[in-house]
Amino acid sequence: MTEKNLIVPGEVIVEGMDYLPGDGTYRDGKMIKSSLLGLAQTRDRLVRVIPLSGRYMPKRDDPVIGIIKEVRYSNWVVEIKSPYDALMMVGEAVDRFIDLKKDKLSNFFNVGEALICRITNVDESMTPMVTARGPGLRKLTDGRIIDVSPSKIPRIIGKNASMVSLIKDRTGTKMFVGQNGRIWLQGGDEELAIKVIRMIEKDAHKVGLTDSIQKFLEGEVSGSKA
Amino acid sequence: MEVKPKFLIKNGKRLDGRKVGEWREIKITTGVIPNADGSCQVDFGKTKVIAAVYGPRELHPKHMVLSDRALVRARYDMLSFSVEDRKRPGPGRREIEISKVIAEALRSVVMVEKFPRSVIDVFVTVIQADASTRIAGLNAASVALADAGIPMKGLVTGVAFGKIYDETGKGVMVADVFKPEDQWGEADIAYAKSIANDEVVLLQMDGDVTKKEFLEGKAMADKAIEYTYQEQVKALKAKYEGD
């Protein structure tokens, strides 16, 4: 079943022990109920609810855009738009060795600077650890960052990143989409790219989004040339 | 100040023309505070209440942090112009108590164990008071929480009921009391439950009723709650439905 139903917390999605409660659901006796306002989806035996709103919850291996909040003796505190601030250890910041006796940590990353990082681990007390070492991970020194609702990120990325590629392609803007609801943009028609992102955000729960966005972009791009 | 009417109910008709089990017009709107993570306005007749939800977010002061779950904090207050005589701004004894019972009612449905060390802040503000404000506030708060994408076992829905005297001096139970009935009636009972798991989450009584009267009033309120719940669901879905 690929049909998606709009559902509110406490509503019964399916009845029976054949189903398994997934994300956004819970079992109450024989029934599986939703715990979120969202779209219910049943795939094979797994029932889940896709949220339509809510804050970002750190997950292992998620690429996120963070902002340095604090520089400490041997680590940085990174704000990632979640209820929990992330920690970046010295060894995870740059590829070269940092000597705590000689180097100043603020020379590498200072308060207020933005970076693309990846969550390496989230412990049971919900403290996320991040790294800035790895392909595509770096400090952001130009461009701009916009905030979107984290629950809309999957639609902005699209299937196999189809939506991002489409926007990048048509606007000539360099983009990076963080799972925590921050998007970095640089160059090209930034205004148009932002306009498209806002459109996706507004219509995220609708079907056939890529097609309608494609149509819109074709109109915009050819219109500006004429 | 108005003068006390001779009867609060005559020939089965209340002062505003309602029958005993009838409720006032209920209007629920979500997303009234765009800056908040979730928000909702609930109108029960002339009672107008706004709730805004922020969080889960980092909790300050740190000594309040619960290491294994989120803290649900509620703040109920009335605007100075929400009642006829100016209400002195800021929470007093009454407002602190209502904040406490609203927070406790919400804690019984919110899945707090999903967000350790954080806080979910709920702000309930009465902009116009015409009785049942704590219940309207709780209804608004539960819709605002769902709007904010916070996991819950179910929505919280409530309706107040009370006991008033008719022209023969006989006590009558009524659902969804409004101001004159609250002011001059015999009893006023705030009642809220979670429909999804059939659990009473708030029950307060001011005045006196017998057990029989209580059950009679509760049955009426249950009907009104059923209707209010449908309105809550409709309000939540309205944001995403249409074309």
# chains A, B, ... in the order shown; residues from 1 in each chain; ligands from 1
>>> interface_residues(of="chain B", to="chain A", cutoff="8 Å", atoms="only C-alpha atoms", output="list in words")
Asp37, Gly55, Pro56, Arg57, Glu58, Ser67, Asp68, Pro116, Arg117, Ser118, Ala146, Asp147, Ala148, Gly149, Ile150, Pro151, Met152, Lys153, Gly154, Leu155, Ile195, Ala196, Asn197, Val233, Leu236, Lys237 and Tyr240 of chain B
>>> select_by_dssp(residues="region 40-152 of chain A", states="strand (DSSP E or B)", output="ChimeraX atom specification")
/A:40-43,46-51,63-71,75-79,86-89,114-122,128-131,138-140,144-147
>>> write_last_selection(atoms="C-alpha atoms", output="PDB file, in the first residue's frame")
ATOM      1  CA  ALA A  40       0.410   7.336   7.640  1.00  0.00           C
ATOM      2  CA  GLN A  41       2.105   4.806   5.409  1.00  0.00           C
ATOM      3  CA  THR A  42       2.012   1.013   5.465  1.00  0.00           C
ATOM      4  CA  ARG A  43       4.780  -0.801   3.648  1.00  0.00           C
ATOM      5  CA  LEU A  46       5.665  -1.854   8.846  1.00  0.00           C
ATOM      6  CA  VAL A  47       3.417   1.063   9.726  1.00  0.00           C
ATOM      7  CA  ARG A  48       4.903   4.522  10.038  1.00  0.00           C
ATOM      8  CA  VAL A  49       3.840   8.160  10.136  1.00  0.00           C
ATOM      9  CA  ILE A  50       5.777  10.804   8.230  1.00  0.00           C
ATOM     10  CA  PRO A  51       5.761  13.990  10.321  1.00  0.00           C
ATOM     11  CA  PRO A  63      24.980  15.686   7.199  1.00  0.00           C
ATOM     12  CA  VAL A  64      24.037  18.934   8.953  1.00  0.00           C
ATOM     13  CA  ILE A  65      24.944  22.612   8.816  1.00  0.00           C
ATOM     14  CA  GLY A  66      26.126  23.794  12.222  1.00  0.00           C
ATOM     15  CA  ILE A  67      27.126  27.117  13.715  1.00  0.00           C
ATOM     16  CA  ILE A  68      29.905  27.317  16.308  1.00  0.00           C
ATOM     17  CA  LYS A  69      28.431  28.379  19.633  1.00  0.00           C
ATOM     18  CA  GLU A  70      31.434  28.041  21.911  1.00  0.00           C
ATOM     19  CA  VAL A  71      35.162  27.289  21.657  1.00  0.00           C
ATOM     20  CA  ASN A  75      36.426  20.869  21.617  1.00  0.00           C
ATOM     21  CA  TRP A  76      33.793  23.070  20.001  1.00  0.00           C
ATOM     22  CA  VAL A  77      30.108  23.328  20.845  1.00  0.00           C
ATOM     23  CA  VAL A  78      28.141  23.321  17.585  1.00  0.00           C
ATOM     24  CA  GLU A  79      24.558  24.537  17.388  1.00  0.00           C
ATOM     25  CA  ALA A  86      26.660  18.926  19.252  1.00  0.00           C
ATOM     26  CA  LEU A  87      30.295  18.496  20.272  1.00  0.00           C
ATOM     27  CA  MET A  88      33.231  18.503  17.862  1.00  0.00           C
ATOM     28  CA  MET A  89      36.511  17.162  19.293  1.00  0.00           C
ATOM     29  CA  ALA A 114      29.210  27.970   9.957  1.00  0.00           C
ATOM     30  CA  LEU A 115      30.296  24.541   8.806  1.00  0.00           C
ATOM     31  CA  ILE A 116      29.031  21.481   7.020  1.00  0.00           C
ATOM     32  CA  CYS A 117      29.556  18.549   9.358  1.00  0.00           C
ATOM     33  CA  ARG A 118      28.382  14.981   9.827  1.00  0.00           C
ATOM     34  CA  ILE A 119      26.968  13.413  12.960  1.00  0.00           C
ATOM     35  CA  THR A 120      29.232  10.526  13.973  1.00  0.00           C
ATOM     36  CA  ASN A 121      27.385   9.369  17.047  1.00  0.00           C
ATOM     37  CA  VAL A 122      24.455  10.163  19.325  1.00  0.00           C
ATOM     38  CA  PRO A 128      25.501  14.346  19.245  1.00  0.00           C
ATOM     39  CA  MET A 129      29.152  14.226  18.177  1.00  0.00           C
ATOM     40  CA  VAL A 130      30.076  15.773  14.843  1.00  0.00           C
ATOM     41  CA  THR A 131      33.050  15.704  12.503  1.00  0.00           C
ATOM     42  CA  ARG A 138      34.058  21.971   5.360  1.00  0.00           C
ATOM     43  CA  LYS A 139      33.823  25.428   6.831  1.00  0.00           C
ATOM     44  CA  LEU A 140      31.423  27.765   5.023  1.00  0.00           C
ATOM     45  CA  ARG A 144      24.185  32.274   2.529  1.00  0.00           C
ATOM     46  CA  ILE A 145      22.208  29.947   4.765  1.00  0.00           C
ATOM     47  CA  ILE A 146      18.422  29.763   4.875  1.00  0.00           C
ATOM     48  CA  ASP A 147      16.251  27.978   7.418  1.00  0.00           C
TER      49      ASP A 147
END
>>> atom_distance(atom1="CA of Ile200 (chain A)", atom2="CA of Met175 (chain A)")
15.2 Å
>>> closest_residue(among="B:Val124, B:Ile96, B:Val177, B:Ile189", to="Ser142 (chain B)", atoms="only C-alpha atoms")
B:Val124
>>> residues_around(residues="Glu25 (chain B)", least_positions_apart="3", cutoff="10 Å", atoms="only C-alpha atoms", output="ChimeraX atom specification")
/B:22,43-46,228
>>> select_by_dssp(residues="region 3-242 of chain B", states="alpha helix (DSSP H)", output="PyMOL selection string")
chain B and resi 93-107+133-147+179-184+211-238
>>> atom_distance(atom1="CA of Gly137 (chain B)", atom2="CA of Val49 (chain B)")
5.8 Å
